[in-house]
$ cat coords_11.csv   # CSV, C-alpha atoms
chain,number,residue,atom,x,y,z
A,1,MET,CA,24.5,12.0,7.2
A,2,ASN,CA,27.5,12.4,4.8
A,3,THR,CA,28.4,8.7,4.9
A,4,ALA,CA,31.3,7.0,3.2
A,5,ASP,CA,30.9,5.7,-0.3
A,6,PRO,CA,29.1,2.3,0.0
A,7,ASP,CA,31.1,-0.8,-0.8
A,8,PRO,CA,29.5,-2.1,-4.0
A,9,ARG,CA,30.5,-5.7,-3.2
A,10,PRO,CA,29.9,-6.5,0.5
A,11,THR,CA,31.4,-9.8,1.5
A,12,GLN,CA,28.9,-10.8,4.2
A,13,ASP,CA,25.7,-12.7,3.2
A,14,ARG,CA,23.4,-10.8,5.7
A,15,GLU,CA,23.5,-7.3,7.2
A,16,THR,CA,21.7,-6.3,10.4
A,17,VAL,CA,20.4,-2.7,10.8
A,18,ARG,CA,19.1,-1.8,14.3
A,19,VAL,CA,16.2,0.6,14.7
A,20,GLU,CA,16.8,2.1,18.1
A,21,LEU,CA,13.6,2.9,19.9
A,22,GLY,CA,14.2,1.8,23.4
A,23,ALA,CA,12.0,-1.1,24.5
A,24,ARG,CA,10.5,-1.2,21.0
A,25,SER,CA,13.8,-1.5,19.1
A,26,TYR,CA,14.0,-4.1,16.4
A,27,ASP,CA,16.3,-5.4,13.7
A,28,VAL,CA,16.1,-5.1,9.9
A,29,LEU,CA,17.9,-8.1,8.3
A,30,VAL,CA,19.0,-7.6,4.8
A,31,GLY,CA,20.2,-10.5,2.7
A,32,ALA,CA,19.1,-13.4,0.5
A,33,GLY,CA,17.1,-16.5,1.6
A,34,LEU,CA,15.4,-14.8,4.6
A,35,VAL,CA,11.9,-16.0,3.6
A,36,GLU,CA,13.0,-19.6,4.2
A,37,GLN,CA,14.4,-18.6,7.6
A,38,ALA,CA,11.4,-16.5,8.7
A,39,GLY,CA,10.1,-19.0,11.2
A,40,ARG,CA,13.3,-19.6,13.0
A,41,LEU,CA,14.1,-15.8,13.2
A,42,MET,CA,10.6,-15.0,14.4
A,43,ALA,CA,10.6,-17.8,17.0
A,44,SER,CA,13.6,-16.3,18.7
A,45,LEU,CA,11.7,-13.0,19.3
A,46,LEU,CA,8.0,-13.8,19.8
A,47,ARG,CA,6.4,-15.3,22.9
A,48,GLY,CA,3.4,-16.8,21.0
A,49,ARG,CA,3.5,-19.5,18.4
A,50,SER,CA,0.6,-18.6,16.2
A,51,ALA,CA,0.6,-16.3,13.1
A,52,VAL,CA,-1.5,-15.0,10.3
A,53,VAL,CA,0.3,-14.3,7.1
A,54,VAL,CA,-1.2,-11.5,4.9
A,55,SER,CA,-0.2,-11.3,1.3
A,56,ASP,CA,-1.6,-10.4,-2.1
A,57,GLY,CA,-2.5,-12.7,-5.0
A,58,VAL,CA,0.8,-12.3,-6.9
A,59,VAL,CA,3.2,-12.5,-3.9
A,60,ALA,CA,1.3,-15.4,-2.4
A,61,GLY,CA,1.8,-17.4,-5.6
A,62,LEU,CA,5.6,-16.8,-5.3
A,63,TYR,CA,6.5,-16.9,-1.6
A,64,LEU,CA,3.5,-17.9,0.6
A,65,ASP,CA,4.2,-21.6,0.6
A,66,ALA,CA,7.8,-21.1,1.6
A,67,THR,CA,6.8,-18.7,4.4
A,68,LEU,CA,4.2,-21.0,5.8
A,69,ARG,CA,6.5,-24.0,5.7
A,70,SER,CA,9.2,-22.0,7.5
A,71,LEU,CA,6.8,-20.9,10.2
A,72,ARG,CA,5.4,-24.5,10.7
A,73,GLU,CA,8.9,-25.9,10.9
A,74,ALA,CA,9.6,-23.5,13.7
A,75,GLY,CA,6.5,-24.6,15.6
A,76,PHE,CA,4.0,-21.9,14.6
A,77,ALA,CA,0.3,-22.7,14.0
A,78,CYS,CA,-0.4,-20.4,11.0
A,79,SER,CA,-2.9,-19.5,8.3
A,80,ALA,CA,-3.0,-17.0,5.5
A,81,LEU,CA,-5.3,-14.5,3.9
A,82,THR,CA,-4.8,-12.5,0.7
A,83,VAL,CA,-5.9,-9.1,-0.5
A,84,GLU,CA,-6.3,-7.8,-4.1
A,85,VAL,CA,-3.2,-6.5,-5.7
A,86,GLY,CA,-2.8,-2.7,-5.9
A,87,GLU,CA,-3.2,0.6,-4.2
A,88,ARG,CA,-7.0,0.4,-4.4
A,89,SER,CA,-6.9,-2.3,-1.8
A,90,LYS,CA,-5.5,0.2,0.7
A,91,ASP,CA,-8.9,1.4,2.0
A,92,LEU,CA,-11.2,1.1,5.0
A,93,GLU,CA,-13.4,-1.5,3.2
A,94,THR,CA,-10.5,-3.9,2.7
A,95,LEU,CA,-9.2,-3.2,6.2
A,96,GLY,CA,-12.6,-3.9,7.7
A,97,GLY,CA,-12.8,-7.2,5.9
A,98,MET,CA,-9.3,-8.2,7.1
A,99,LEU,CA,-10.2,-7.4,10.7
A,100,GLU,CA,-13.3,-9.5,10.7
A,101,ASP,CA,-11.6,-12.4,8.9
A,102,ILE,CA,-8.6,-12.4,11.4
A,103,LEU,CA,-10.9,-12.1,14.4
A,104,GLY,CA,-12.9,-15.0,13.1
A,105,ARG,CA,-9.8,-17.2,13.4
A,106,GLY,CA,-9.8,-16.8,17.2
A,107,ILE,CA,-6.5,-15.0,17.5
A,108,GLU,CA,-5.0,-14.0,20.8
A,109,ARG,CA,-2.8,-11.0,21.8
A,110,THR,CA,0.3,-13.1,21.2
A,111,THR,CA,-0.7,-14.0,17.6
A,112,ALA,CA,1.6,-12.3,15.1
A,113,LEU,CA,0.5,-10.8,11.9
A,114,VAL,CA,3.1,-11.2,9.1
A,115,ALA,CA,3.0,-8.8,6.1
A,116,LEU,CA,4.3,-10.7,3.1
A,117,GLY,CA,4.4,-8.3,0.2
A,118,GLY,CA,4.8,-4.7,-0.9
A,119,GLY,CA,3.8,-1.4,0.6
A,120,VAL,CA,0.1,-1.9,0.4
A,121,VAL,CA,0.2,-5.2,2.2
A,122,GLY,CA,2.6,-3.8,4.8
A,123,ASP,CA,0.5,-0.7,5.5
A,124,LEU,CA,-2.7,-2.7,5.8
A,125,THR,CA,-1.2,-5.4,7.9
A,126,GLY,CA,0.6,-3.0,10.2
A,127,PHE,CA,-2.6,-0.9,10.7
A,128,ALA,CA,-4.6,-4.1,11.4
A,129,ALA,CA,-2.0,-5.3,14.0
A,130,SER,CA,-2.0,-1.9,15.7
A,131,ILE,CA,-5.8,-2.0,16.4
A,132,LEU,CA,-6.6,-5.7,16.7
A,133,LEU,CA,-7.1,-6.6,20.4
A,134,ARG,CA,-5.5,-3.1,21.0
A,135,GLY,CA,-2.2,-4.4,19.5
A,136,VAL,CA,-0.7,-7.7,18.4
A,137,PRO,CA,2.8,-8.4,17.2
A,138,PHE,CA,3.7,-7.6,13.7
A,139,VAL,CA,6.5,-8.7,11.4
A,140,GLN,CA,7.4,-7.3,8.0
A,141,ILE,CA,8.6,-9.4,5.1
A,142,PRO,CA,8.7,-6.8,2.3
A,143,THR,CA,9.1,-8.2,-1.2
A,144,THR,CA,9.4,-5.1,-3.2
A,145,LEU,CA,12.4,-2.7,-3.4
A,146,LEU,CA,10.1,0.2,-2.3
A,147,ALA,CA,8.9,-1.6,0.7
A,148,GLN,CA,12.4,-2.8,1.7
A,149,VAL,CA,13.9,0.6,1.7
A,150,ASP,CA,11.0,2.7,2.8
A,151,SER,CA,7.5,1.6,3.8
A,152,GLY,CA,8.6,-1.6,5.5
A,153,VAL,CA,10.8,0.2,8.0
A,154,GLY,CA,9.7,2.8,10.5
A,155,GLY,CA,6.3,1.9,11.7
A,156,LYS,CA,4.0,4.0,9.5
A,157,THR,CA,0.7,2.2,8.8
A,158,GLY,CA,-2.5,3.2,7.3
A,159,VAL,CA,-5.0,3.4,4.5
A,160,ASN,CA,-6.1,6.0,1.9
A,161,SER,CA,-9.2,8.2,2.0
A,162,ALA,CA,-11.2,9.8,-0.7
A,163,HIS,CA,-9.5,13.0,0.6
A,164,GLY,CA,-6.0,11.8,0.0
A,165,LYS,CA,-3.3,9.2,0.5
A,166,ASN,CA,-2.4,7.7,4.0
A,167,LEU,CA,-4.7,10.0,5.9
A,168,ILE,CA,-6.0,7.2,8.2
A,169,GLY,CA,-3.4,5.3,10.1
A,170,THR,CA,-1.1,4.8,13.1
A,171,PHE,CA,2.5,4.7,14.1
A,172,TYR,CA,3.1,1.0,15.1
A,173,GLN,CA,6.6,-0.6,14.9
A,174,PRO,CA,7.2,-4.2,13.7
A,175,ARG,CA,9.0,-6.6,15.9
A,176,LEU,CA,11.3,-7.7,13.0
A,177,VAL,CA,11.8,-6.8,9.3
A,178,LEU,CA,13.2,-9.4,6.9
A,179,ALA,CA,14.3,-7.7,3.6
A,180,ASP,CA,15.1,-10.7,1.4
A,181,VAL,CA,16.8,-9.3,-1.6
A,182,ALA,CA,16.2,-12.6,-3.5
A,183,THR,CA,12.6,-11.6,-3.8
A,184,LEU,CA,13.6,-8.6,-5.9
A,185,GLY,CA,14.6,-10.8,-8.8
A,186,SER,CA,11.0,-11.7,-9.4
A,187,LEU,CA,9.9,-8.0,-9.7
A,188,PRO,CA,9.2,-6.5,-13.1
A,189,LEU,CA,11.6,-3.8,-14.1
A,190,ARG,CA,8.9,-1.2,-13.6
A,191,GLU,CA,8.5,-2.2,-9.9
A,192,ARG,CA,12.2,-2.1,-9.3
A,193,LEU,CA,12.4,1.4,-10.8
A,194,ALA,CA,9.5,2.5,-8.6
A,195,GLY,CA,11.4,1.4,-5.5
A,196,TYR,CA,14.6,2.9,-6.8
A,197,ALA,CA,13.1,6.4,-6.6
A,198,GLU,CA,12.9,6.0,-2.8
A,199,VAL,CA,16.6,4.8,-2.7
A,200,VAL,CA,17.7,8.0,-4.6
A,201,LYS,CA,15.7,10.0,-2.0
A,202,TYR,CA,18.2,9.1,0.7
A,203,GLY,CA,21.1,10.5,-1.2
A,204,LEU,CA,19.3,13.7,-2.1
A,205,ILE,CA,18.2,14.4,1.5
A,206,ASP,CA,21.6,14.6,3.1
A,207,ASP,CA,24.0,12.0,1.6
A,208,PRO,CA,25.5,13.4,-1.6
A,209,GLU,CA,28.2,10.7,-1.7
A,210,PHE,CA,25.4,8.0,-1.8
A,211,PHE,CA,23.7,9.9,-4.7
A,212,ALA,CA,27.0,10.0,-6.6
A,213,TRP,CA,27.4,6.2,-6.0
A,214,LEU,CA,23.9,5.7,-7.4
A,215,GLU,CA,24.7,7.8,-10.5
A,216,ARG,CA,27.6,5.3,-11.1
A,217,ASN,CA,25.7,2.1,-10.3
A,218,GLY,CA,22.0,2.9,-10.7
A,219,ALA,CA,21.5,1.3,-14.1
A,220,ALA,CA,23.0,-2.0,-13.0
A,221,LEU,CA,21.1,-1.9,-9.7
A,222,VAL,CA,17.7,-1.5,-11.3
A,223,ASP,CA,18.7,-4.2,-13.9
A,224,GLY,CA,18.8,-6.6,-10.9
A,225,ASP,CA,22.4,-6.9,-9.7
A,226,ARG,CA,21.8,-8.6,-6.4
A,227,ASP,CA,25.0,-7.4,-4.7
A,228,LEU,CA,24.2,-3.8,-5.6
A,229,LEU,CA,20.6,-4.2,-4.5
A,230,ARG,CA,21.7,-5.5,-1.1
A,231,THR,CA,24.2,-2.6,-0.7
A,232,ALA,CA,21.5,-0.1,-1.6
A,233,VAL,CA,18.8,-1.7,0.6
A,234,ALA,CA,21.1,-1.9,3.6
A,235,HIS,CA,22.4,1.7,3.1
A,236,SER,CA,18.8,3.0,2.8
A,237,CYS,CA,17.7,1.1,5.8
A,238,ARG,CA,20.5,2.5,7.9
A,239,ALA,CA,19.6,6.0,6.8
A,240,LYS,CA,16.0,5.5,7.6
A,241,ALA,CA,16.8,3.8,11.0
A,242,ARG,CA,18.8,6.8,12.1
A,243,ILE,CA,16.0,9.2,11.1
A,244,VAL,CA,13.2,7.2,12.7
A,245,ALA,CA,15.3,6.8,15.9
A,246,ALA,CA,15.6,10.5,16.1
A,247,ASP,CA,12.0,11.4,15.2
A,248,GLU,CA,9.7,8.4,15.3
A,249,ARG,CA,6.4,10.4,14.9
A,250,GLU,CA,7.5,12.8,12.3
A,251,SER,CA,7.6,16.0,14.3
A,252,GLY,CA,10.8,17.2,12.8
A,253,SER,CA,13.6,15.6,10.8
A,254,ARG,CA,11.6,12.5,9.7
A,255,ALA,CA,9.5,14.7,7.5
A,256,LEU,CA,12.5,15.1,5.3
A,257,LEU,CA,11.7,11.6,4.1
A,258,ASN,CA,8.8,13.2,2.3
A,259,LEU,CA,11.1,14.7,-0.3
A,260,GLY,CA,8.9,14.9,-3.5
A,261,HIS,CA,6.0,13.3,-1.7
A,262,THR,CA,3.7,16.4,-1.5
A,263,PHE,CA,3.7,16.5,-5.3
A,264,ALA,CA,3.6,12.7,-5.6
A,265,HIS,CA,0.6,12.1,-3.4
A,266,ALA,CA,-1.4,14.7,-5.3
A,267,LEU,CA,-0.4,13.1,-8.6
A,268,GLU,CA,-1.4,9.6,-7.4
A,269,ALA,CA,-4.7,10.8,-6.2
A,270,GLU,CA,-5.5,12.6,-9.5
A,271,ALA,CA,-4.5,9.4,-11.4
A,272,GLY,CA,-7.0,7.5,-9.3
A,273,TYR,CA,-4.8,4.8,-7.8
A,274,ASP,CA,-5.6,2.6,-10.8
A,275,GLY,CA,-2.0,1.4,-11.4
A,276,SER,CA,-1.3,3.7,-14.2
A,277,LEU,CA,1.0,5.7,-12.0
A,278,LEU,CA,3.0,3.8,-9.4
A,279,HIS,CA,4.0,5.5,-6.1
A,280,GLY,CA,7.7,5.5,-6.9
A,281,GLU,CA,7.1,6.9,-10.4
A,282,ALA,CA,5.1,9.7,-8.8
A,283,VAL,CA,7.9,10.2,-6.2
A,284,ALA,CA,10.5,10.5,-8.9
A,285,TYR,CA,8.7,13.2,-10.7
A,286,GLY,CA,7.7,14.8,-7.4
A,287,ILE,CA,11.4,15.0,-6.5
A,288,VAL,CA,12.2,16.6,-9.9
A,289,LEU,CA,9.4,19.2,-9.2
A,290,ALA,CA,10.8,19.9,-5.7
A,291,TYR,CA,14.2,20.6,-7.1
A,292,ARG,CA,12.8,22.8,-9.9
A,293,LEU,CA,10.8,24.7,-7.3
A,294,SER,CA,13.9,25.1,-5.2
A,295,ALA,CA,15.8,26.4,-8.2
A,296,ALA,CA,13.0,28.8,-9.1
A,297,LEU,CA,13.1,30.2,-5.6
A,298,GLY,CA,16.8,30.7,-5.8
A,299,LEU,CA,17.6,28.0,-3.2
A,300,CYS,CA,19.6,25.7,-5.3
A,301,SER,CA,21.2,25.9,-8.7
A,302,ALA,CA,19.5,25.0,-12.0
A,303,ASP,CA,22.4,22.6,-12.6
A,304,ASP,CA,21.4,20.6,-9.4
A,305,ALA,CA,17.8,20.4,-10.6
A,306,ALA,CA,19.0,19.3,-14.1
A,307,ARG,CA,21.4,16.7,-12.6
A,308,VAL,CA,18.6,15.1,-10.6
A,309,ALA,CA,16.2,15.0,-13.5
A,310,ALA,CA,18.9,13.6,-15.8
A,311,HIS,CA,19.5,10.7,-13.4
A,312,PHE,CA,15.9,9.7,-13.2
A,313,ARG,CA,15.6,10.0,-17.0
A,314,GLU,CA,18.7,7.9,-17.5
A,315,VAL,CA,17.4,5.0,-15.4
A,316,GLY,CA,13.9,5.2,-16.9
A,317,LEU,CA,11.9,7.1,-14.3
A,318,PRO,CA,9.7,10.1,-15.1
A,319,SER,CA,11.6,13.4,-15.3
A,320,GLU,CA,9.0,15.3,-17.4
A,321,ALA,CA,5.2,15.5,-17.3
A,322,ASN,CA,5.0,13.7,-20.7
A,323,ALA,CA,6.1,10.5,-19.0
A,324,LEU,CA,3.0,10.5,-16.7
A,325,PRO,CA,-0.3,8.8,-17.6
A,326,PRO,CA,-2.1,10.8,-20.4
A,327,ILE,CA,-4.9,12.2,-18.3
A,328,HIS,CA,-6.1,15.7,-17.9
A,329,TRP,CA,-3.7,17.1,-15.4
A,330,ASN,CA,-4.9,20.3,-13.8
A,331,THR,CA,-2.9,22.7,-11.7
A,332,SER,CA,-5.8,23.8,-9.5
A,333,ALA,CA,-6.8,20.3,-8.8
A,334,LEU,CA,-3.3,19.3,-7.9
A,335,ILE,CA,-2.9,22.2,-5.5
A,336,GLU,CA,-6.3,21.4,-3.9
A,337,ARG,CA,-4.9,17.8,-3.3
A,338,MET,CA,-1.8,19.3,-1.7
A,339,LYS,CA,-3.9,21.4,0.6
A,340,HIS,CA,-5.3,18.1,2.1
A,341,ASP,CA,-1.9,16.5,2.6
A,342,LYS,CA,-1.4,15.2,6.1
A,343,LYS,CA,1.7,17.5,6.6
A,344,VAL,CA,-0.4,20.7,6.2
A,345,GLN,CA,-0.1,22.9,9.2
A,346,ASP,CA,-2.2,26.0,9.9
A,347,GLY,CA,-3.5,25.7,6.4
A,348,ARG,CA,0.0,25.9,4.9
A,349,ILE,CA,1.4,23.2,2.6
A,350,THR,CA,4.7,21.7,3.8
A,351,PHE,CA,7.3,21.1,1.2
A,352,VAL,CA,10.7,19.5,1.4
A,353,LEU,CA,13.0,21.9,-0.6
A,354,THR,CA,16.7,21.8,-1.1
A,355,ARG,CA,19.8,24.1,-1.2
A,356,GLY,CA,21.6,21.5,-3.3
A,357,VAL,CA,22.1,17.8,-3.6
A,358,GLY,CA,22.2,16.4,0.0
A,359,GLN,CA,20.8,19.7,1.5
A,360,ALA,CA,17.1,19.1,2.0
A,361,PHE,CA,15.0,21.2,4.5
A,362,LEU,CA,11.4,21.8,5.3
A,363,SER,CA,9.5,24.9,4.3
A,364,GLN,CA,5.9,26.2,4.7
A,365,ASP,CA,6.7,29.5,3.0
A,366,VAL,CA,6.4,28.6,-0.7
A,367,PRO,CA,4.5,31.5,-2.5
A,368,HIS,CA,1.3,30.3,-4.0
A,369,GLU,CA,2.2,31.9,-7.4
A,370,ALA,CA,5.6,30.2,-7.5
A,371,LEU,CA,3.8,26.8,-7.0
A,372,ARG,CA,1.2,27.6,-9.6
A,373,THR,CA,3.8,28.8,-12.1
A,374,LEU,CA,5.9,25.7,-11.7
A,375,LEU,CA,2.9,23.4,-12.3
A,376,ASP,CA,1.6,25.5,-15.2
A,377,ARG,CA,4.9,25.2,-16.9
A,378,ALA,CA,5.3,21.5,-16.2
A,379,PHE,CA,1.9,20.4,-17.5
A,380,GLY,CA,1.7,23.1,-20.1
A,381,GLU,CA,4.5,21.3,-21.9
A,382,ARG,CA,2.0,18.6,-22.8
A,383,GLY,CA,-0.4,21.0,-24.4
A,384,LEU,CA,-3.0,20.2,-21.7
A,385,SER,CA,-5.1,22.7,-19.8
A,386,ALA,CA,-2.9,23.4,-16.7
A,387,SER,CA,-5.3,25.6,-14.8
A,388,ARG,CA,-9.0,26.4,-14.6

$ encode --input "coords_11.csv" --output "structure tokens"
Amino acid sequence: MNTADPDPRPTQDRETVRVELGARSYDVLVGAGLVEQAGRLMASLLRGRSAVVVSDGVVAGLYLDATLRSLREAGFACSALTVEVGERSKDLETLGGMLEDILGRGIERTTALVALGGGVVGDLTGFAASILLRGVPFVQIPTTLLAQVDSGVGGKTGVNSAHGKNLIGTFYQPRLVLADVATLGSLPLRERLAGYAEVVKYGLIDDPEFFAWLERNGAALVDGDRDLLRTAVAHSCRAKARIVAADERESGSRALLNLGHTFAHALEAEAGYDGSLLHGEAVAYGIVLAYRLSAALGLCSADDAARVAAHFREVGLPSEANALPPIHWNTSALIERMKHDKKVQDGRITFVLTRGVGQAFLSQDVPHEALRTLLDRAFGERGLSASR
């Protein structure tokens, strides 16, 4: 990617990022005040004039009224439903309840589903849209930093299984994404930090200049500086749009977006999706482990691994195992989780490794003992049993 250093103070109020997918291309709008404009923006794209807005209890209390008002002012007949907050809602039981509820409202194939919330709401709503009536229109209004820069763009939908995270789902692109950075001001610091881990990922994959910019501006960004947030969201969306356009279904380069995620998904599953470990927190430590594994294999320098860990530590994200929830972490259990990751091929775990900052690549050739040694050392630091 090797893009120019982002301008930390863009002058325009709204930026448009195009996701080029032929007839299924769509825009990601990044700016403030987009929730209040949702109806007008959707009306210019959609044939139908009915919508169901899906949200969670927290986000609904903040933005649902404004969203419904905007839709009704644009001529939409609309209603809303809410799901429980948190990753535990991302399961087949919740999805089934949503489907029956929405079908009971007498929807048609032109009825749009609108995801108003974070990654859980977006994944559930997108999955529902992809299978209801064999596909209805879908609009994303992501309200968390993580969803605006990652899960809200690119068309991955799905739910978790007892066997692992995101193992049941579809690729289904939205018609429009409205990333309203004004919603990020209502996030707790912990939620902004969780999203920030996904922002950092884009620099570490193939954009070292962006990572250097984040090293200079990350503290102010996670503190809520709106201009910096808008710059980071737009830059991240442009990066993801390029990757998705080149590899929509993750058969090649899109898998690089999973930097740190093989570790992260295993950590989340072991933590039980109970809120004690947020996805972005797991991703941050997963990226640290990916860099340390790369250094142990002689692929990148120990200085690069230390630099990445230092940045996460400086902004307040996990860089060591002692920053994770105090549960009994177990090397063998984590490796078993990784063996059920959706990126496993021919029984081999796929890792995103690196030859240095901005030089990520895919590998299925990580020696088992190197992985076990890395995890034993990481969790042994806590004085916990690291292997059976």

$ residues_around --input "coords_11.csv" --residues "region 251-261 of chain A" --least-positions-apart "2" --cutoff "6 Å" --atoms "all atoms listed in the file" --output "list in words"
Ile243, Asp247, Arg249, Phe263, Ala264, His265, Val283, Gly286, Ile287, Ala290 and Val352 of chain A

$ atom_distance --input "coords_11.csv" --atom1 "CA of Leu193 (chain A)" --atom2 "CA of Ala115 (chain A)"
21.9 Å

$ residues_around --input "coords_11.csv" --residues "region 34-40 of chain A" --least-positions-apart "3" --cutoff "10 Å" --atoms "all atoms listed in the file" --output "ChimeraX atom specification"
/A:14,29-31,43-45,49,63-76,114,116,139,141-143,176-183

$ write_last_selection --input "coords_11.csv" --atoms "C-alpha atoms" --output "PDB file, in the coordinates of the input"
ATOM      1  CA  ARG A  14      23.400 -10.800   5.700  1.00  0.00           C
ATOM      2  CA  LEU A  29      17.900  -8.100   8.300  1.00  0.00           C
ATOM      3  CA  VAL A  30      19.000  -7.600   4.800  1.00  0.00           C
ATOM      4  CA  GLY A  31      20.200 -10.500   2.700  1.00  0.00           C
ATOM      5  CA  ALA A  43      10.600 -17.800  17.000  1.00  0.00           C
ATOM      6  CA  SER A  44      13.600 -16.300  18.700  1.00  0.00           C
ATOM      7  CA  LEU A  45      11.700 -13.000  19.300  1.00  0.00           C
ATOM      8  CA  ARG A  49       3.500 -19.500  18.400  1.00  0.00           C
ATOM      9  CA  TYR A  63       6.500 -16.900  -1.600  1.00  0.00           C
ATOM     10  CA  LEU A  64       3.500 -17.900   0.600  1.00  0.00           C
ATOM     11  CA  ASP A  65       4.200 -21.600   0.600  1.00  0.00           C
ATOM     12  CA  ALA A  66       7.800 -21.100   1.600  1.00  0.00           C
ATOM     13  CA  THR A  67       6.800 -18.700   4.400  1.00  0.00           C
ATOM     14  CA  LEU A  68       4.200 -21.000   5.800  1.00  0.00           C
ATOM     15  CA  ARG A  69       6.500 -24.000   5.700  1.00  0.00           C
ATOM     16  CA  SER A  70       9.200 -22.000   7.500  1.00  0.00           C
ATOM     17  CA  LEU A  71       6.800 -20.900  10.200  1.00  0.00           C
ATOM     18  CA  ARG A  72       5.400 -24.500  10.700  1.00  0.00           C
ATOM     19  CA  GLU A  73       8.900 -25.900  10.900  1.00  0.00           C
ATOM     20  CA  ALA A  74       9.600 -23.500  13.700  1.00  0.00           C
ATOM     21  CA  GLY A  75       6.500 -24.600  15.600  1.00  0.00           C
ATOM     22  CA  PHE A  76       4.000 -21.900  14.600  1.00  0.00           C
ATOM     23  CA  VAL A 114       3.100 -11.200   9.100  1.00  0.00           C
ATOM     24  CA  LEU A 116       4.300 -10.700   3.100  1.00  0.00           C
ATOM     25  CA  VAL A 139       6.500  -8.700  11.400  1.00  0.00           C
ATOM     26  CA  ILE A 141       8.600  -9.400   5.100  1.00  0.00           C
ATOM     27  CA  PRO A 142       8.700  -6.800   2.300  1.00  0.00           C
ATOM     28  CA  THR A 143       9.100  -8.200  -1.200  1.00  0.00           C
ATOM     29  CA  LEU A 176      11.300  -7.700  13.000  1.00  0.00           C
ATOM     30  CA  VAL A 177      11.800  -6.800   9.300  1.00  0.00           C
ATOM     31  CA  LEU A 178      13.200  -9.400   6.900  1.00  0.00           C
ATOM     32  CA  ALA A 179      14.300  -7.700   3.600  1.00  0.00           C
ATOM     33  CA  ASP A 180      15.100 -10.700   1.400  1.00  0.00           C
ATOM     34  CA  VAL A 181      16.800  -9.300  -1.600  1.00  0.00           C
ATOM     35  CA  ALA A 182      16.200 -12.600  -3.500  1.00  0.00           C
ATOM     36  CA  THR A 183      12.600 -11.600  -3.800  1.00  0.00           C
TER      37      THR A 183
END

$ axis_aligned_box --input "coords_11.csv" --around "region 249-257 of chain A" --padding-each-side "4 Å" --output "AutoDock Vina command-line options"
--center_x 10.0 --center_y 13.8 --center_z 9.5 --size_x 15.2 --size_y 14.8 --size_z 18.8

$ closest_residue --input "coords_11.csv" --among "A:Phe351, A:Tyr26, A:Phe138, A:Phe127" --to "Gly48 (chain A)" --atoms "all atoms listed in the file"
A:Phe138

$ atom_distance --input "coords_11.csv" --atom1 "CA of Tyr202 (chain A)" --atom2 "CA of Gln345 (chain A)"
24.4 Å

$ closest_residue --input "coords_11.csv" --among "A:Ala282, A:Leu187, A:Val53, A:Leu299" --to "Arg355 (chain A)" --atoms "only C-alpha atoms"
A:Leu299

$ atom_distance --input "coords_11.csv" --atom1 "CA of Gly97 (chain A)" --atom2 "CA of Val159 (chain A)"
13.2 Å

$ closest_residue --input "coords_11.csv" --among "A:Val17, A:Ala370, A:Leu214, A:Met338" --to "Leu293 (chain A)" --atoms "all atoms listed in the file"
A:Ala370

$ closest_residue --input "coords_11.csv" --among "A:Asn160, A:Gln359, A:Ser332, A:Thr125" --to "Asp207 (chain A)" --atoms "only C-alpha atoms"
A:Gln359

$ closest_residue --input "coords_11.csv" --among "A:Thr111, A:Ala296, A:Gly22, A:Ile327" --to "Thr373 (chain A)" --atoms "all atoms listed in the file"
A:Ala296

$ residues_around --input "coords_11.csv" --residues "Val52 (chain A)" --least-positions-apart "6" --cutoff "9 Å" --atoms "only C-alpha atoms" --output "PyMOL selection string"
chain A and resi 77-81+102+107+111-115

$ residues_around --input "coords_11.csv" --residues "Val344 (chain A)" --least-positions-apart "2" --cutoff "12 Å" --atoms "all atoms listed in the file" --output "count of residues only"
20

$ closest_residue --input "coords_11.csv" --among "A:Arg313, A:Leu95, A:Leu228, A:Leu353" --to "Ser294 (chain A)" --atoms "only C-alpha atoms"
A:Leu353

$ residues_around --input "coords_11.csv" --residues "Asp91 (chain A)" --least-positions-apart "6" --cutoff "10 Å" --atoms "only C-alpha atoms" --output "PDB file with C-alpha atoms, in the frame of the given file"
ATOM      1  CA  VAL A 120       0.100  -1.900   0.400  1.00  0.00           C
ATOM      2  CA  LEU A 124      -2.700  -2.700   5.800  1.00  0.00           C
ATOM      3  CA  GLY A 158      -2.500   3.200   7.300  1.00  0.00           C
ATOM      4  CA  VAL A 159      -5.000   3.400   4.500  1.00  0.00           C
ATOM      5  CA  ASN A 160      -6.100   6.000   1.900  1.00  0.00           C
ATOM      6  CA  SER A 161      -9.200   8.200   2.000  1.00  0.00           C
ATOM      7  CA  ALA A 162     -11.200   9.800  -0.700  1.00  0.00           C
ATOM      8  CA  LYS A 165      -3.300   9.200   0.500  1.00  0.00           C
ATOM      9  CA  ASN A 166      -2.400   7.700   4.000  1.00  0.00           C
ATOM     10  CA  ILE A 168      -6.000   7.200   8.200  1.00  0.00           C
TER      11      ILE A 168
END
